[in-house]
>>> print(open('protein01.pdb').read())   # PDB, C-alpha atoms, pLDDT in the B column
ATOM      1  CA  ARG A   1     -10.841  21.650 -23.802  1.00 84.00           C
ATOM      2  CA  LEU A   2     -11.567  21.433 -20.118  1.00 90.00           C
ATOM      3  CA  LEU A   3     -11.472  17.605 -20.037  1.00 88.00           C
ATOM      4  CA  ASP A   4      -8.036  17.530 -21.672  1.00 92.00           C
ATOM      5  CA  ASN A   5      -6.670  19.695 -18.860  1.00 91.00           C
ATOM      6  CA  THR A   6      -8.393  17.920 -15.975  1.00 94.00           C
ATOM      7  CA  LEU A   7      -6.864  15.070 -13.991  1.00 95.00           C
ATOM      8  CA  ILE A   8      -9.515  12.411 -13.388  1.00 95.00           C
ATOM      9  CA  VAL A   9      -8.747   9.588 -10.959  1.00 95.00           C
ATOM     10  CA  PHE A  10     -10.734   6.412 -10.365  1.00 93.00           C
ATOM     11  CA  SER A  11      -9.731   4.316  -7.366  1.00 91.00           C
ATOM     12  CA  SER A  12     -11.019   2.775  -4.159  1.00 86.00           C
ATOM     13  CA  ASP A  13      -9.983   2.869  -0.519  1.00 82.00           C
ATOM     14  CA  ASN A  14      -9.986  -0.898   0.046  1.00 85.00           C
ATOM     15  CA  GLY A  15     -10.637  -4.262  -1.548  1.00 85.00           C
ATOM     16  CA  GLY A  16     -14.056  -5.695  -2.227  1.00 84.00           C
ATOM     17  CA  GLU A  17     -16.620  -6.422   0.470  1.00 86.00           C
ATOM     18  CA  ARG A  18     -16.796  -9.955   1.936  1.00 79.00           C
ATOM     19  CA  PHE A  19     -19.228 -11.173  -0.743  1.00 84.00           C
ATOM     20  CA  SER A  20     -17.099  -9.789  -3.599  1.00 85.00           C
ATOM     21  CA  ASP A  21     -15.005 -11.960  -5.870  1.00 87.00           C
ATOM     22  CA  ASN A  22     -11.518 -10.497  -5.478  1.00 87.00           C
ATOM     23  CA  SER A  23      -9.876 -13.314  -7.458  1.00 89.00           C
ATOM     24  CA  PRO A  24      -7.027 -13.947  -7.770  1.00 91.00           C
ATOM     25  CA  LEU A  25      -6.430 -11.926  -4.598  1.00 90.00           C
ATOM     26  CA  PHE A  26      -7.022 -13.513  -1.207  1.00 91.00           C
ATOM     27  CA  ASN A  27      -9.580 -12.195   1.278  1.00 87.00           C
ATOM     28  CA  HIS A  28     -11.545  -8.920   1.345  1.00 86.00           C
ATOM     29  CA  LYS A  29     -12.159  -5.497   2.879  1.00 89.00           C
ATOM     30  CA  THR A  30     -11.136  -5.095   6.563  1.00 89.00           C
ATOM     31  CA  THR A  31      -8.102  -7.368   6.142  1.00 91.00           C
ATOM     32  CA  LEU A  32      -4.475  -6.686   5.240  1.00 93.00           C
ATOM     33  CA  TRP A  33      -4.344  -9.472   2.679  1.00 92.00           C
ATOM     34  CA  GLU A  34      -4.079  -8.273  -0.947  1.00 94.00           C
ATOM     35  CA  GLY A  35      -7.833  -8.752  -1.419  1.00 92.00           C
ATOM     36  CA  GLY A  36      -8.394  -6.174   1.314  1.00 92.00           C
ATOM     37  CA  ILE A  37      -5.823  -3.532   0.367  1.00 92.00           C
ATOM     38  CA  ARG A  38      -5.042  -3.804  -3.352  1.00 91.00           C
ATOM     39  CA  VAL A  39      -7.290  -1.587  -5.458  1.00 89.00           C
ATOM     40  CA  PRO A  40      -7.474  -0.344  -9.039  1.00 87.00           C
ATOM     41  CA  ALA A  41      -6.224   3.107  -9.920  1.00 92.00           C
ATOM     42  CA  ILE A  42      -6.931   4.673 -13.276  1.00 94.00           C
ATOM     43  CA  MET A  43      -5.812   8.199 -14.139  1.00 95.00           C
ATOM     44  CA  ARG A  44      -6.781  10.228 -17.167  1.00 95.00           C
ATOM     45  CA  TRP A  45      -5.234  13.573 -18.079  1.00 96.00           C
ATOM     46  CA  PRO A  46      -4.782  13.875 -21.844  1.00 95.00           C
ATOM     47  CA  ALA A  47      -2.739  17.083 -21.615  1.00 94.00           C
ATOM     48  CA  LYS A  48      -0.112  15.468 -19.344  1.00 94.00           C
ATOM     49  CA  LEU A  49      -0.370  11.675 -19.156  1.00 94.00           C
ATOM     50  CA  PRO A  50       0.262   9.291 -22.057  1.00 91.00           C
ATOM     51  CA  ALA A  51      -2.864   7.373 -23.061  1.00 92.00           C
ATOM     52  CA  GLY A  52      -2.831   3.632 -22.472  1.00 92.00           C
ATOM     53  CA  LYS A  53       0.339   3.610 -20.351  1.00 91.00           C
ATOM     54  CA  VAL A  54       0.378   0.997 -17.592  1.00 91.00           C
ATOM     55  CA  VAL A  55       2.785   1.299 -14.676  1.00 92.00           C
ATOM     56  CA  SER A  56       3.506  -1.261 -11.992  1.00 90.00           C
ATOM     57  CA  GLN A  57       4.487   1.316  -9.373  1.00 92.00           C
ATOM     58  CA  PRO A  58       3.061   0.313  -6.004  1.00 93.00           C
ATOM     59  CA  ALA A  59       1.278   3.333  -4.603  1.00 94.00           C
ATOM     60  CA  ILE A  60      -0.988   4.203  -1.721  1.00 92.00           C
ATOM     61  CA  THR A  61      -3.997   6.494  -1.512  1.00 91.00           C
ATOM     62  CA  LEU A  62      -1.841   8.954   0.465  1.00 92.00           C
ATOM     63  CA  ASP A  63       0.109   9.541  -2.764  1.00 95.00           C
ATOM     64  CA  LEU A  64      -2.948  11.203  -4.258  1.00 95.00           C
ATOM     65  CA  THR A  65      -2.652  14.120  -1.803  1.00 95.00           C
ATOM     66  CA  ALA A  66       0.930  14.839  -2.886  1.00 96.00           C
ATOM     67  CA  THR A  67      -0.022  14.339  -6.552  1.00 96.00           C
ATOM     68  CA  PHE A  68      -3.043  16.663  -6.386  1.00 96.00           C
ATOM     69  CA  ALA A  69      -0.984  19.282  -4.536  1.00 96.00           C
ATOM     70  CA  ALA A  70       1.674  19.138  -7.270  1.00 96.00           C
ATOM     71  CA  VAL A  71      -0.997  19.553  -9.961  1.00 94.00           C
ATOM     72  CA  ALA A  72      -2.331  22.624  -8.127  1.00 94.00           C
ATOM     73  CA  GLY A  73       1.165  24.032  -7.517  1.00 95.00           C
ATOM     74  CA  ALA A  74       0.800  23.676  -3.734  1.00 95.00           C
ATOM     75  CA  LYS A  75       3.609  22.705  -1.376  1.00 93.00           C
ATOM     76  CA  ALA A  76       3.548  20.887   1.948  1.00 92.00           C
ATOM     77  CA  THR A  77       3.938  23.022   5.049  1.00 91.00           C
ATOM     78  CA  GLU A  78       7.566  23.147   6.209  1.00 91.00           C
ATOM     79  CA  GLY A  79       8.169  20.498   8.834  1.00 87.00           C
ATOM     80  CA  TYR A  80       5.025  18.617   7.797  1.00 87.00           C
ATOM     81  CA  PRO A  81       5.813  16.729   4.583  1.00 90.00           C
ATOM     82  CA  PHE A  82       3.161  14.800   2.720  1.00 92.00           C
ATOM     83  CA  ASP A  83       2.921  11.148   3.746  1.00 90.00           C
ATOM     84  CA  GLY A  84       2.778  10.125   0.086  1.00 94.00           C
ATOM     85  CA  ILE A  85       4.741  10.989  -3.045  1.00 96.00           C
ATOM     86  CA  ASN A  86       3.854  12.873  -6.206  1.00 96.00           C
ATOM     87  CA  LEU A  87       3.179  10.128  -8.753  1.00 96.00           C
ATOM     88  CA  LEU A  88       3.219  12.376 -11.840  1.00 95.00           C
ATOM     89  CA  PRO A  89       6.969  12.091 -12.601  1.00 96.00           C
ATOM     90  CA  ILE A  90       6.641   8.300 -12.569  1.00 95.00           C
ATOM     91  CA  LEU A  91       3.445   8.310 -14.644  1.00 94.00           C
ATOM     92  CA  THR A  92       4.962  10.605 -17.280  1.00 93.00           C
ATOM     93  CA  GLY A  93       8.208   8.617 -17.429  1.00 92.00           C
ATOM     94  CA  GLU A  94      10.345  11.487 -16.093  1.00 95.00           C
ATOM     95  CA  GLN A  95      11.397   9.285 -13.156  1.00 95.00           C
ATOM     96  CA  PRO A  96      11.741   5.501 -12.894  1.00 95.00           C
ATOM     97  CA  GLU A  97       9.450   3.426 -10.723  1.00 94.00           C
ATOM     98  CA  GLN A  98      10.586   3.249  -7.083  1.00 93.00           C
ATOM     99  CA  THR A  99      10.955   0.480  -4.542  1.00 95.00           C
ATOM    100  CA  ARG A 100       8.908   1.632  -1.578  1.00 95.00           C
ATOM    101  CA  THR A 101       7.900   0.371   1.841  1.00 96.00           C
ATOM    102  CA  PHE A 102       4.261   0.361   2.952  1.00 96.00           C
ATOM    103  CA  CYS A 103       3.007  -0.565   6.423  1.00 96.00           C
ATOM    104  CA  TRP A 104      -0.478  -1.305   7.718  1.00 95.00           C
ATOM    105  CA  ARG A 105      -2.066  -2.454  10.949  1.00 94.00           C
ATOM    106  CA  ILE A 106      -5.498  -3.381  12.175  1.00 92.00           C
ATOM    107  CA  ASN A 107      -5.995  -3.501  15.932  1.00 89.00           C
ATOM    108  CA  ARG A 108      -9.607  -4.333  16.722  1.00 86.00           C
ATOM    109  CA  SER A 109     -11.073  -6.610  19.314  1.00 83.00           C
ATOM    110  CA  ASP A 110     -12.070  -9.109  16.599  1.00 85.00           C
ATOM    111  CA  ARG A 111      -9.056  -8.708  14.256  1.00 87.00           C
ATOM    112  CA  LYS A 112      -5.382  -8.024  14.848  1.00 93.00           C
ATOM    113  CA  GLN A 113      -3.220  -7.860  11.744  1.00 95.00           C
ATOM    114  CA  LYS A 114      -0.003  -6.172  10.658  1.00 97.00           C
ATOM    115  CA  ALA A 115       1.612  -6.098   7.254  1.00 97.00           C
ATOM    116  CA  VAL A 116       4.559  -4.503   5.525  1.00 98.00           C
ATOM    117  CA  ARG A 117       5.460  -4.532   1.858  1.00 97.00           C
ATOM    118  CA  HIS A 118       8.844  -3.651   0.404  1.00 97.00           C
ATOM    119  CA  GLY A 119       9.301  -4.220  -3.308  1.00 95.00           C
ATOM    120  CA  LYS A 120       7.968  -7.650  -4.200  1.00 96.00           C
ATOM    121  CA  TRP A 121       8.020  -8.914  -0.601  1.00 98.00           C
ATOM    122  CA  LYS A 122       5.173  -8.789   1.890  1.00 98.00           C
ATOM    123  CA  TYR A 123       5.177  -9.794   5.548  1.00 98.00           C
ATOM    124  CA  VAL A 124       1.795 -10.529   7.129  1.00 97.00           C
ATOM    125  CA  GLN A 125       1.073 -11.110  10.801  1.00 96.00           C
ATOM    126  CA  ASP A 126      -2.458 -12.387  11.223  1.00 94.00           C
ATOM    127  CA  GLY A 127      -3.036 -12.939  14.925  1.00 91.00           C
ATOM    128  CA  ALA A 128      -0.071 -15.032  16.099  1.00 92.00           C
ATOM    129  CA  VAL A 129       0.755 -16.368  12.615  1.00 95.00           C
ATOM    130  CA  GLU A 130       3.598 -14.705  10.672  1.00 97.00           C
ATOM    131  CA  MET A 131       4.113 -15.226   6.944  1.00 97.00           C
ATOM    132  CA  LEU A 132       6.262 -13.961   4.070  1.00 98.00           C
ATOM    133  CA  PHE A 133       5.106 -13.761   0.464  1.00 98.00           C
ATOM    134  CA  ASP A 134       6.779 -12.965  -2.854  1.00 98.00           C
ATOM    135  CA  LEU A 135       3.961 -11.028  -4.526  1.00 97.00           C
ATOM    136  CA  SER A 136       5.683 -11.142  -7.923  1.00 96.00           C
ATOM    137  CA  ALA A 137       5.283 -14.945  -7.978  1.00 97.00           C
ATOM    138  CA  ASP A 138       2.356 -15.442  -5.573  1.00 97.00           C
ATOM    139  CA  ILE A 139      -0.201 -12.628  -5.853  1.00 95.00           C
ATOM    140  CA  ASN A 140      -2.819 -14.724  -4.040  1.00 96.00           C
ATOM    141  CA  GLU A 141      -0.586 -15.146  -0.952  1.00 96.00           C
ATOM    142  CA  ARG A 142      -0.585 -18.922  -0.683  1.00 96.00           C
ATOM    143  CA  ARG A 143       3.131 -19.866  -0.431  1.00 97.00           C
ATOM    144  CA  ASN A 144       4.777 -18.816   2.822  1.00 97.00           C
ATOM    145  CA  MET A 145       8.439 -18.130   1.932  1.00 97.00           C
ATOM    146  CA  PHE A 146       9.606 -17.603   5.522  1.00 95.00           C
ATOM    147  CA  TYR A 147      11.736 -20.755   5.622  1.00 95.00           C
ATOM    148  CA  TRP A 148      13.594 -19.902   2.402  1.00 97.00           C
ATOM    149  CA  HIS A 149      14.076 -16.147   2.932  1.00 98.00           C
ATOM    150  CA  ARG A 150      14.605 -15.564   6.642  1.00 97.00           C
ATOM    151  CA  GLU A 151      16.765 -12.465   5.979  1.00 97.00           C
ATOM    152  CA  VAL A 152      13.911 -10.802   4.056  1.00 98.00           C
ATOM    153  CA  PHE A 153      11.459 -11.785   6.802  1.00 98.00           C
ATOM    154  CA  ASP A 154      13.721 -10.217   9.468  1.00 98.00           C
ATOM    155  CA  ASP A 155      14.236  -7.058   7.378  1.00 98.00           C
ATOM    156  CA  LEU A 156      10.490  -6.552   6.921  1.00 98.00           C
ATOM    157  CA  LYS A 157       9.839  -7.074  10.622  1.00 97.00           C
ATOM    158  CA  ARG A 158      12.497  -4.401  11.379  1.00 98.00           C
ATOM    159  CA  ARG A 159      10.855  -2.002   8.923  1.00 98.00           C
ATOM    160  CA  LEU A 160       7.469  -2.589  10.538  1.00 97.00           C
ATOM    161  CA  ALA A 161       8.876  -2.068  14.041  1.00 96.00           C
ATOM    162  CA  ALA A 162      10.526   1.212  12.948  1.00 96.00           C
ATOM    163  CA  TRP A 163       7.240   2.411  11.418  1.00 94.00           C
ATOM    164  CA  GLU A 164       5.284   1.495  14.547  1.00 94.00           C
ATOM    165  CA  GLU A 165       7.840   3.365  16.665  1.00 93.00           C
ATOM    166  CA  GLU A 166       7.442   6.422  14.425  1.00 90.00           C
ATOM    167  CA  MET A 167       3.639   6.220  14.652  1.00 87.00           C
ATOM    168  CA  ALA A 168       3.823   5.951  18.459  1.00 88.00           C
ATOM    169  CA  ARG A 169       5.687   9.304  18.606  1.00 86.00           C
ATOM    170  CA  HIS A 170       2.566  11.079  17.345  1.00 76.00           C
ATOM    171  CA  GLU A 171      -0.474  11.432  19.540  1.00 75.00           C
ATOM    172  CA  THR A 172      -3.661   9.932  18.094  1.00 70.00           C
ATOM    173  CA  SER A 173      -6.125  12.727  17.426  1.00 69.00           C
ATOM    174  CA  PHE A 174      -9.168  10.532  16.779  1.00 65.00           C
ATOM    175  CA  ILE A 175     -10.499   7.086  17.529  1.00 66.00           C
ATOM    176  CA  VAL A 176     -12.500   5.052  15.018  1.00 68.00           C
ATOM    177  CA  ARG A 177     -14.975   2.565  16.462  1.00 68.00           C
TER     178      ARG A 177
END
>>> encode(input="protein01.pdb", output="structure tokens")
Amino acid sequence: RLLDNTLIVFSSDNGGERFSDNSPLFNHKTTLWEGGIRVPAIMRWPAKLPAGKVVSQPAITLDLTATFAAVAGAKATEGYPFDGINLLPILTGEQPEQTRTFCWRINRSDRKQKAVRHGKWKYVQDGAVEMLFDLSADINERRNMFYWHREVFDDLKRRLAAWEEEMARHETSFIVR
């Protein structure tokens, strides 16, 4: 059957709009709080993926490009790797879940935010305020753990600075207004 051999993915590119109820997540679309960036992802592919399996692997929409390419048998161009990873080995249980680092930034006249997540930890800079959250214990980002985990805070800030340096090496090819 065609449906058994077709990968179907349901997801979103951002959290709910400002009038949405994103509970228990804090905030909404156009922010880097979990309510603005965490989205559902459901995949169905009866011929390859086990039905009803739930994974906790943090992923990013960029992973879908690498995953779809793998499904189609396509490879990235040499010297230009995919920004994401192929999720299929994790979804099928061939590989264990991975600890990954994700970085985001918003730089608009009305909103300046930066965030980095590594494992269970998330650093958020919202304007001049910097915070650290343990998402495994505080999914709604209410308890700033900066004072108790300064080494994690410093590590995440270093990761963000390295990512920003890498992004600055590449010329921006478009501007979104």
>>> resolve_selection(input="protein01.pdb", expression="the PyMOL selection byres ((chain A and resi 98) around 9)", output="JSON, numbers by chain")
{"A": [57, 58, 90, 95, 96, 97, 99, 100, 119]}
>>> resolve_selection(input="protein01.pdb", expression="the PyMOL selection byres ((chain A and resi 139-150) around 9)", output="PyMOL selection string")
chain A and resi 23-27+33-35+123+130-138+151-155
>>> residues_around(input="protein01.pdb", residues="segment 47-54 of chain A", least_positions_apart="6", cutoff="9 Å", atoms="all atoms listed in the file", output="PyMOL selection string")
chain A and resi 3-7+88+91-92
>>> resolve_selection(input="protein01.pdb", expression="the PyMOL selection byres ((chain A and resi 101-111) around 10)", output="ChimeraX atom specification")
/A:30-32,37,58-60,98-100,112-119,121-127,156,159-161,163-164,176-177
>>> closest_residue(input="protein01.pdb", among="A:Val55, A:Glu166, A:Gly16, A:Arg1", to="Gly93 of chain A", atoms="all atoms listed in the file")
A:Val55
>>> axis_aligned_box(input="protein01.pdb", around="segment 17-28 of chain A", padding_each_side="8 Å", output="lines of an AutoDock Vina configuration file")
center_x = -12.8
center_y = -10.2
center_z = -2.9
size_x = 28.8
size_y = 23.5
size_z = 25.7
>>> closest_residue(input="protein01.pdb", among="A:Ile85, A:Ala70, A:Ala128, A:Ala41", to="Asn14 of chain A", atoms="all atoms listed in the file")
A:Ala41
>>> atom_distance(input="protein01.pdb", atom1="atom CA of Pro81 of chain A", atom2="atom CA of Ala69 of chain A")
11.7 Å
>>> residues_around(input="protein01.pdb", residues="Asp83 of chain A", least_positions_apart="6", cutoff="10 Å", atoms="only C-alpha atoms", output="ChimeraX atom specification")
/A:60-66,76
>>> atom_distance(input="protein01.pdb", atom1="atom CA of Trp45 of chain A", atom2="atom CA of Val9 of chain A")
8.9 Å
>>> atom_distance(input="protein01.pdb", atom1="atom CA of Met167 of chain A", atom2="atom CA of Pro89 of chain A")
28.1 Å
